[in-house]
Every structure is written in C-alpha cells, then in structure tokens.
>>> print(open('start.txt').read())   # compact mmCIF, N, CA and C atoms
# COMPACT_ATOMS: atom_id res chain seq x y z
N MET X 21 -19.41 -45.87 50.42
CA MET X 21 -18.03 -45.72 49.99
C MET X 21 -17.99 -45.66 48.46
N ILE X 22 -17.22 -44.75 47.96
CA ILE X 22 -17.11 -44.56 46.52
C ILE X 22 -16.25 -45.69 45.94
N SER X 23 -16.72 -46.26 44.84
CA SER X 23 -15.98 -47.38 44.25
C SER X 23 -14.80 -46.85 43.43
N ILE X 24 -13.77 -47.64 43.40
CA ILE X 24 -12.57 -47.30 42.63
C ILE X 24 -12.91 -47.27 41.14
N LYS X 25 -13.75 -48.21 40.73
CA LYS X 25 -14.13 -48.30 39.32
C LYS X 25 -14.84 -47.02 38.86
N ARG X 26 -15.71 -46.49 39.70
CA ARG X 26 -16.44 -45.27 39.36
C ARG X 26 -15.48 -44.09 39.19
N MET X 27 -14.52 -43.98 40.09
CA MET X 27 -13.57 -42.88 40.02
C MET X 27 -12.63 -43.03 38.83
N LYS X 28 -12.25 -44.27 38.51
CA LYS X 28 -11.39 -44.49 37.34
C LYS X 28 -12.11 -44.10 36.06
N ILE X 29 -13.39 -44.47 35.95
CA ILE X 29 -14.16 -44.11 34.76
C ILE X 29 -14.30 -42.60 34.66
N ASP X 30 -14.59 -41.95 35.79
CA ASP X 30 -14.72 -40.49 35.80
C ASP X 30 -13.42 -39.83 35.38
N LEU X 31 -12.31 -40.30 35.91
CA LEU X 31 -11.01 -39.72 35.56
C LEU X 31 -10.67 -39.96 34.10
N LEU X 32 -10.97 -41.15 33.60
CA LEU X 32 -10.69 -41.47 32.20
C LEU X 32 -11.50 -40.59 31.25
N VAL X 33 -12.78 -40.41 31.54
CA VAL X 33 -13.61 -39.55 30.68
C VAL X 33 -13.12 -38.11 30.74
N GLN X 34 -12.75 -37.64 31.92
CA GLN X 34 -12.22 -36.28 32.03
C GLN X 34 -10.92 -36.14 31.24
N LEU X 35 -10.06 -37.14 31.30
CA LEU X 35 -8.81 -37.09 30.52
C LEU X 35 -9.08 -37.05 29.03
N ILE X 36 -10.04 -37.85 28.57
CA ILE X 36 -10.39 -37.86 27.14
C ILE X 36 -10.95 -36.51 26.72
N LEU X 37 -11.86 -35.96 27.52
CA LEU X 37 -12.44 -34.66 27.18
C LEU X 37 -11.39 -33.55 27.24
N LEU X 38 -10.48 -33.62 28.21
CA LEU X 38 -9.42 -32.63 28.32
C LEU X 38 -8.46 -32.72 27.14
N ALA X 39 -8.14 -33.94 26.72
CA ALA X 39 -7.28 -34.12 25.55
C ALA X 39 -7.97 -33.59 24.30
N GLY X 40 -9.26 -33.82 24.19
CA GLY X 40 -10.02 -33.28 23.06
C GLY X 40 -10.03 -31.76 23.07
N LEU X 41 -10.18 -31.18 24.26
CA LEU X 41 -10.15 -29.72 24.38
C LEU X 41 -8.79 -29.17 23.97
N LEU X 42 -7.72 -29.80 24.42
CA LEU X 42 -6.38 -29.34 24.03
C LEU X 42 -6.12 -29.54 22.55
N ALA X 43 -6.65 -30.62 21.98
CA ALA X 43 -6.48 -30.87 20.55
C ALA X 43 -7.21 -29.83 19.72
N VAL X 44 -8.26 -29.25 20.25
CA VAL X 44 -9.01 -28.23 19.53
C VAL X 44 -8.37 -26.85 19.73
N ILE X 45 -7.85 -26.59 20.93
CA ILE X 45 -7.29 -25.27 21.22
C ILE X 45 -5.94 -25.07 20.54
N LEU X 46 -5.06 -26.05 20.61
CA LEU X 46 -3.69 -25.86 20.14
C LEU X 46 -3.56 -25.52 18.66
N PRO X 47 -4.26 -26.21 17.75
CA PRO X 47 -4.07 -25.84 16.34
C PRO X 47 -4.76 -24.53 15.96
N GLY X 48 -5.50 -23.94 16.87
CA GLY X 48 -6.15 -22.67 16.58
C GLY X 48 -7.40 -22.83 15.72
N LEU X 49 -8.14 -23.87 15.96
CA LEU X 49 -9.39 -24.09 15.23
C LEU X 49 -10.44 -23.08 15.68
N SER X 50 -11.63 -23.21 15.17
CA SER X 50 -12.67 -22.23 15.44
C SER X 50 -12.98 -22.13 16.94
N ARG X 51 -13.37 -20.94 17.34
CA ARG X 51 -13.70 -20.71 18.75
C ARG X 51 -14.90 -21.52 19.20
N SER X 52 -15.85 -21.69 18.32
CA SER X 52 -17.05 -22.42 18.71
C SER X 52 -16.73 -23.86 19.07
N LEU X 53 -15.72 -24.45 18.43
CA LEU X 53 -15.33 -25.82 18.75
C LEU X 53 -14.72 -25.92 20.15
N TRP X 54 -13.85 -24.98 20.51
CA TRP X 54 -13.25 -25.09 21.84
C TRP X 54 -14.21 -24.65 22.93
N VAL X 55 -15.13 -23.74 22.62
CA VAL X 55 -16.15 -23.39 23.61
C VAL X 55 -17.07 -24.58 23.85
N ALA X 56 -17.42 -25.30 22.78
CA ALA X 56 -18.26 -26.49 22.92
C ALA X 56 -17.52 -27.58 23.70
N SER X 57 -16.23 -27.74 23.45
CA SER X 57 -15.43 -28.74 24.19
C SER X 57 -15.33 -28.38 25.66
N LEU X 58 -15.13 -27.09 25.94
CA LEU X 58 -15.07 -26.62 27.32
C LEU X 58 -16.41 -26.84 28.01
N ALA X 59 -17.50 -26.55 27.30
CA ALA X 59 -18.83 -26.74 27.87
C ALA X 59 -19.11 -28.21 28.15
N LEU X 60 -18.70 -29.09 27.24
CA LEU X 60 -18.91 -30.52 27.44
C LEU X 60 -18.13 -31.03 28.66
N LEU X 61 -16.89 -30.60 28.80
CA LEU X 61 -16.09 -31.00 29.96
C LEU X 61 -16.70 -30.44 31.24
N GLY X 62 -17.14 -29.19 31.21
CA GLY X 62 -17.77 -28.60 32.39
C GLY X 62 -19.07 -29.29 32.77
N LEU X 63 -19.87 -29.66 31.78
CA LEU X 63 -21.12 -30.38 32.06
C LEU X 63 -20.84 -31.76 32.64
N TRP X 64 -19.83 -32.44 32.11
CA TRP X 64 -19.48 -33.75 32.66
C TRP X 64 -19.06 -33.61 34.12
N GLN X 65 -18.21 -32.63 34.41
CA GLN X 65 -17.73 -32.46 35.77
C GLN X 65 -18.85 -32.03 36.72
N ALA X 66 -19.74 -31.16 36.26
CA ALA X 66 -20.86 -30.75 37.10
C ALA X 66 -21.77 -31.94 37.40
N GLY X 67 -22.03 -32.76 36.39
CA GLY X 67 -22.84 -33.95 36.60
C GLY X 67 -22.17 -34.94 37.54
N SER X 68 -20.87 -35.09 37.39
CA SER X 68 -20.11 -35.98 38.26
C SER X 68 -20.15 -35.48 39.70
N ALA X 69 -19.96 -34.19 39.90
CA ALA X 69 -20.00 -33.62 41.24
C ALA X 69 -21.38 -33.78 41.86
N LEU X 70 -22.42 -33.57 41.06
CA LEU X 70 -23.78 -33.72 41.56
C LEU X 70 -24.06 -35.17 41.94
N GLN X 71 -23.62 -36.11 41.11
CA GLN X 71 -23.85 -37.52 41.40
C GLN X 71 -23.09 -37.94 42.66
N LEU X 72 -21.85 -37.49 42.81
CA LEU X 72 -21.08 -37.83 44.01
C LEU X 72 -21.70 -37.21 45.26
N ALA X 73 -22.20 -35.99 45.13
CA ALA X 73 -22.80 -35.32 46.28
C ALA X 73 -24.11 -35.97 46.70
N ILE X 74 -24.92 -36.39 45.73
CA ILE X 74 -26.23 -36.97 46.05
C ILE X 74 -26.10 -38.44 46.44
N ALA X 75 -25.44 -39.23 45.61
CA ALA X 75 -25.41 -40.68 45.83
C ALA X 75 -24.51 -41.08 46.99
N PHE X 76 -23.40 -40.38 47.16
CA PHE X 76 -22.43 -40.78 48.18
C PHE X 76 -22.32 -39.78 49.32
N ASP X 77 -23.12 -38.72 49.29
CA ASP X 77 -23.08 -37.66 50.30
C ASP X 77 -21.64 -37.17 50.49
N TYR X 78 -20.99 -36.91 49.37
CA TYR X 78 -19.58 -36.51 49.35
C TYR X 78 -19.51 -34.98 49.43
N LYS X 79 -19.32 -34.47 50.63
CA LYS X 79 -19.43 -33.04 50.89
C LYS X 79 -18.31 -32.21 50.26
N GLN X 80 -17.19 -32.84 49.90
CA GLN X 80 -16.09 -32.09 49.28
C GLN X 80 -16.45 -31.64 47.87
N ARG X 81 -17.51 -32.16 47.28
CA ARG X 81 -17.92 -31.76 45.93
C ARG X 81 -18.94 -30.63 45.94
N HIS X 82 -19.49 -30.30 47.11
CA HIS X 82 -20.49 -29.23 47.17
C HIS X 82 -19.96 -27.88 46.70
N PRO X 83 -18.74 -27.47 47.05
CA PRO X 83 -18.24 -26.18 46.54
C PRO X 83 -18.16 -26.14 45.01
N PHE X 84 -17.85 -27.27 44.39
CA PHE X 84 -17.79 -27.30 42.93
C PHE X 84 -19.19 -27.13 42.32
N ILE X 85 -20.18 -27.74 42.95
CA ILE X 85 -21.56 -27.59 42.45
C ILE X 85 -21.97 -26.13 42.53
N TRP X 86 -21.70 -25.50 43.68
CA TRP X 86 -22.05 -24.08 43.83
C TRP X 86 -21.26 -23.20 42.86
N ALA X 87 -20.00 -23.53 42.63
CA ALA X 87 -19.19 -22.74 41.70
C ALA X 87 -19.73 -22.85 40.28
N TYR X 88 -20.06 -24.07 39.84
CA TYR X 88 -20.62 -24.24 38.50
C TYR X 88 -21.96 -23.53 38.37
N LEU X 89 -22.78 -23.61 39.40
CA LEU X 89 -24.09 -22.95 39.35
C LEU X 89 -23.94 -21.43 39.28
N LEU X 90 -23.07 -20.89 40.11
CA LEU X 90 -22.84 -19.44 40.11
C LEU X 90 -22.26 -18.97 38.78
N LEU X 91 -21.28 -19.70 38.26
CA LEU X 91 -20.68 -19.31 36.98
C LEU X 91 -21.68 -19.41 35.84
N ALA X 92 -22.53 -20.43 35.86
CA ALA X 92 -23.54 -20.57 34.81
C ALA X 92 -24.56 -19.43 34.87
N LEU X 93 -24.91 -19.00 36.08
CA LEU X 93 -25.86 -17.89 36.21
C LEU X 93 -25.24 -16.56 35.79
N LEU X 94 -23.96 -16.39 36.03
CA LEU X 94 -23.29 -15.13 35.69
C LEU X 94 -22.72 -15.11 34.27
N LEU X 95 -22.80 -16.24 33.57
CA LEU X 95 -22.21 -16.33 32.23
C LEU X 95 -22.79 -15.33 31.23
N PRO X 96 -24.12 -15.15 31.14
CA PRO X 96 -24.62 -14.17 30.16
C PRO X 96 -24.10 -12.75 30.40
N LEU X 97 -24.08 -12.34 31.66
CA LEU X 97 -23.56 -11.01 31.99
C LEU X 97 -22.07 -10.93 31.67
N GLY X 98 -21.33 -11.98 31.99
CA GLY X 98 -19.90 -12.00 31.70
C GLY X 98 -19.60 -11.96 30.22
N LEU X 99 -20.36 -12.72 29.43
CA LEU X 99 -20.15 -12.70 27.98
C LEU X 99 -20.48 -11.34 27.39
N TYR X 100 -21.48 -10.68 27.95
CA TYR X 100 -21.86 -9.35 27.46
C TYR X 100 -20.77 -8.33 27.78
N THR X 101 -20.18 -8.41 28.96
CA THR X 101 -19.21 -7.39 29.36
C THR X 101 -17.78 -7.73 28.97
N TRP X 102 -17.37 -9.00 29.12
CA TRP X 102 -15.97 -9.36 28.89
C TRP X 102 -15.74 -10.21 27.66
N GLY X 103 -16.76 -10.65 27.01
CA GLY X 103 -16.60 -11.51 25.84
C GLY X 103 -16.16 -12.90 26.25
N LEU X 104 -15.29 -13.49 25.46
CA LEU X 104 -14.85 -14.86 25.75
C LEU X 104 -13.97 -14.97 26.99
N TRP X 105 -13.49 -13.84 27.50
CA TRP X 105 -12.71 -13.88 28.74
C TRP X 105 -13.57 -14.30 29.92
N ALA X 106 -14.87 -14.25 29.76
CA ALA X 106 -15.76 -14.69 30.83
C ALA X 106 -15.68 -16.19 31.05
N LEU X 107 -15.07 -16.92 30.12
CA LEU X 107 -14.93 -18.37 30.26
C LEU X 107 -13.71 -18.75 31.10
N ALA X 108 -12.85 -17.79 31.41
CA ALA X 108 -11.64 -18.08 32.20
C ALA X 108 -11.95 -18.67 33.58
N PRO X 109 -12.95 -18.15 34.31
CA PRO X 109 -13.27 -18.80 35.59
C PRO X 109 -13.70 -20.26 35.44
N PHE X 110 -14.36 -20.59 34.33
CA PHE X 110 -14.71 -21.99 34.08
C PHE X 110 -13.45 -22.83 33.96
N GLY X 111 -12.44 -22.30 33.29
CA GLY X 111 -11.18 -23.02 33.16
C GLY X 111 -10.52 -23.27 34.52
N ILE X 112 -10.62 -22.29 35.40
CA ILE X 112 -10.05 -22.44 36.74
C ILE X 112 -10.79 -23.52 37.52
N VAL X 113 -12.13 -23.49 37.47
CA VAL X 113 -12.92 -24.49 38.20
C VAL X 113 -12.72 -25.88 37.59
N ILE X 114 -12.65 -25.96 36.27
CA ILE X 114 -12.43 -27.25 35.61
C ILE X 114 -11.08 -27.83 36.02
N THR X 115 -10.05 -26.99 36.07
CA THR X 115 -8.73 -27.46 36.49
C THR X 115 -8.75 -27.92 37.95
N ALA X 116 -9.42 -27.16 38.81
CA ALA X 116 -9.49 -27.53 40.23
C ALA X 116 -10.26 -28.84 40.41
N TYR X 117 -11.35 -29.02 39.65
CA TYR X 117 -12.13 -30.25 39.78
C TYR X 117 -11.33 -31.45 39.27
N PHE X 118 -10.61 -31.27 38.18
CA PHE X 118 -9.78 -32.37 37.66
C PHE X 118 -8.72 -32.75 38.68
N ARG X 119 -8.12 -31.76 39.30
CA ARG X 119 -7.10 -32.02 40.33
C ARG X 119 -7.70 -32.76 41.52
N ALA X 120 -8.91 -32.36 41.94
CA ALA X 120 -9.58 -33.04 43.06
C ALA X 120 -9.93 -34.48 42.70
N THR X 121 -10.37 -34.70 41.47
CA THR X 121 -10.70 -36.06 41.04
C THR X 121 -9.45 -36.92 40.99
N LEU X 122 -8.37 -36.38 40.48
CA LEU X 122 -7.11 -37.11 40.43
C LEU X 122 -6.62 -37.45 41.83
N ARG X 123 -6.68 -36.50 42.73
CA ARG X 123 -6.26 -36.72 44.12
C ARG X 123 -7.11 -37.80 44.78
N ASP X 124 -8.44 -37.72 44.60
CA ASP X 124 -9.33 -38.71 45.21
C ASP X 124 -9.12 -40.10 44.62
N THR X 125 -8.91 -40.17 43.31
CA THR X 125 -8.68 -41.47 42.68
C THR X 125 -7.38 -42.09 43.18
N LEU X 126 -6.34 -41.29 43.29
CA LEU X 126 -5.06 -41.82 43.79
C LEU X 126 -5.18 -42.26 45.24
N SER X 127 -5.94 -41.53 46.06
CA SER X 127 -6.10 -41.95 47.46
C SER X 127 -6.95 -43.21 47.55
N LEU X 128 -7.94 -43.37 46.67
CA LEU X 128 -8.73 -44.60 46.66
C LEU X 128 -7.90 -45.80 46.23
N LEU X 129 -6.96 -45.58 45.33
CA LEU X 129 -6.11 -46.68 44.87
C LEU X 129 -5.16 -47.16 45.98
N GLN X 130 -4.91 -46.33 46.97
CA GLN X 130 -4.04 -46.71 48.08
C GLN X 130 -4.76 -47.58 49.11
N ARG X 131 -6.10 -47.54 49.10
CA ARG X 131 -6.87 -48.33 50.06
C ARG X 131 -6.90 -49.79 49.64
N PRO X 132 -7.05 -50.68 50.62
CA PRO X 132 -7.21 -52.09 50.25
C PRO X 132 -8.52 -52.29 49.51
N ARG X 133 -8.52 -53.20 48.56
CA ARG X 133 -9.70 -53.44 47.73
C ARG X 133 -10.74 -54.20 48.52
N SER X 134 -11.99 -53.81 48.33
CA SER X 134 -13.09 -54.52 48.97
C SER X 134 -13.58 -55.62 48.04
N PHE X 135 -14.48 -56.42 48.55
CA PHE X 135 -15.05 -57.50 47.74
C PHE X 135 -15.77 -56.94 46.52
N TRP X 136 -16.43 -55.80 46.65
CA TRP X 136 -17.24 -55.24 45.58
C TRP X 136 -16.39 -54.64 44.47
N ASP X 137 -15.14 -54.35 44.72
CA ASP X 137 -14.26 -53.79 43.69
C ASP X 137 -13.51 -54.86 42.90
N LEU X 138 -13.68 -56.11 43.25
CA LEU X 138 -12.99 -57.18 42.54
C LEU X 138 -13.51 -57.38 41.15
>>> encode(input="start.txt", output="structure tokens")
Amino acid sequence: MISIKRMKIDLLVQLILLAGLLAVILPGLSRSLWVASLALLGLWQAGSALQLAIAFDYKQRHPFIWAYLLLALLLPLGLYTWGLWALAPFGIVITAYFRATLRDTLSLLQRPRSFWDL
C-alpha cells in the first residue's frame, strides 16, 4: 500500500517544480531556463512513476512510463522538424501526471490512517 507521506512529498515537489516552471515562463525569461525547468519536472515525474510501478506494482503509472519513454525517444526528431513545439506533448503528459498524482493523493487522504502513517 502506498503511504500517504510518500504521495504528499511527491505532490509537494511537483507543485514546487510547477511553480518554478510558471515563474520562469510568465516573465518571458530565456527559453533554455524554461526548457530546463520542464525537463526537471518531467524527470521527477518519470522517476516517481517508475518508483511507484516497481516498488508498489502500481499499474496505473505504466502508461505514463511508456509515454515518457516514447516522447524521449522521439524528441530529437521532433526538435529537428517542429522546433520547440515538440515539447508540447511533454506538457500534456506532465499535466496528466500531475492530475493523476493529485487525484491519488486526495483518495489516499480519504482512507483511514494506518499505524505506519502515524
């Protein structure tokens, strides 16, 4: 069973990275900064999905792992043909993963607490 503490930490880190990404995008700072912020958030989410899939056998995260892997493999071709627009699918997957993490965290908070979560 996934611990509430683990999901809260994951959600908090994602919120911090997302806030950092928005803080870099909104003032119109350099592209390399927001690409690096997007990459950092994507790497965190991919690592989180991999850890949840391996450690907890959480099958709902498998599509995200495959999506990140496919997008990472197609990224060089996408950057060559579409430029920075090739990062748009990453934004979609990042948004979907954040939504899934938020949904799972809220559902875990509704469960009664176990001894290990005290």
>>> residues_around(input="start.txt", residues="region 47-63 of chain X", least_positions_apart="2", cutoff="8 Å", atoms="all atoms listed in the file", output="MDAnalysis selection string")
chainID X and resid 33:34 37:38 40:45 65:69 88 110:111 113:114
>>> atom_distance(input="start.txt", atom1="atom N of Leu89 (chain X)", atom2="CA of Trp105 (chain X)")
17.6 Å
>>> atom_distance(input="start.txt", atom1="CA of Tyr117 (chain X)", atom2="CA of Phe135 (chain X)")
28.5 Å
>>> closest_residue(input="start.txt", among="X:Leu32, X:Leu122, X:Ile85, X:Leu91", to="Ala108 (chain X)", atoms="only C-alpha atoms")
X:Leu91
>>> atom_distance(input="start.txt", atom1="CA of Ile74 (chain X)", atom2="atom C of Met27 (chain X)")
16.5 Å
>>> select_by_dssp(input="start.txt", residues="region 31-106 of chain X", states="alpha helix (DSSP H)", output="PyMOL selection string")
chain X and resi 31-45+51-75+82-102
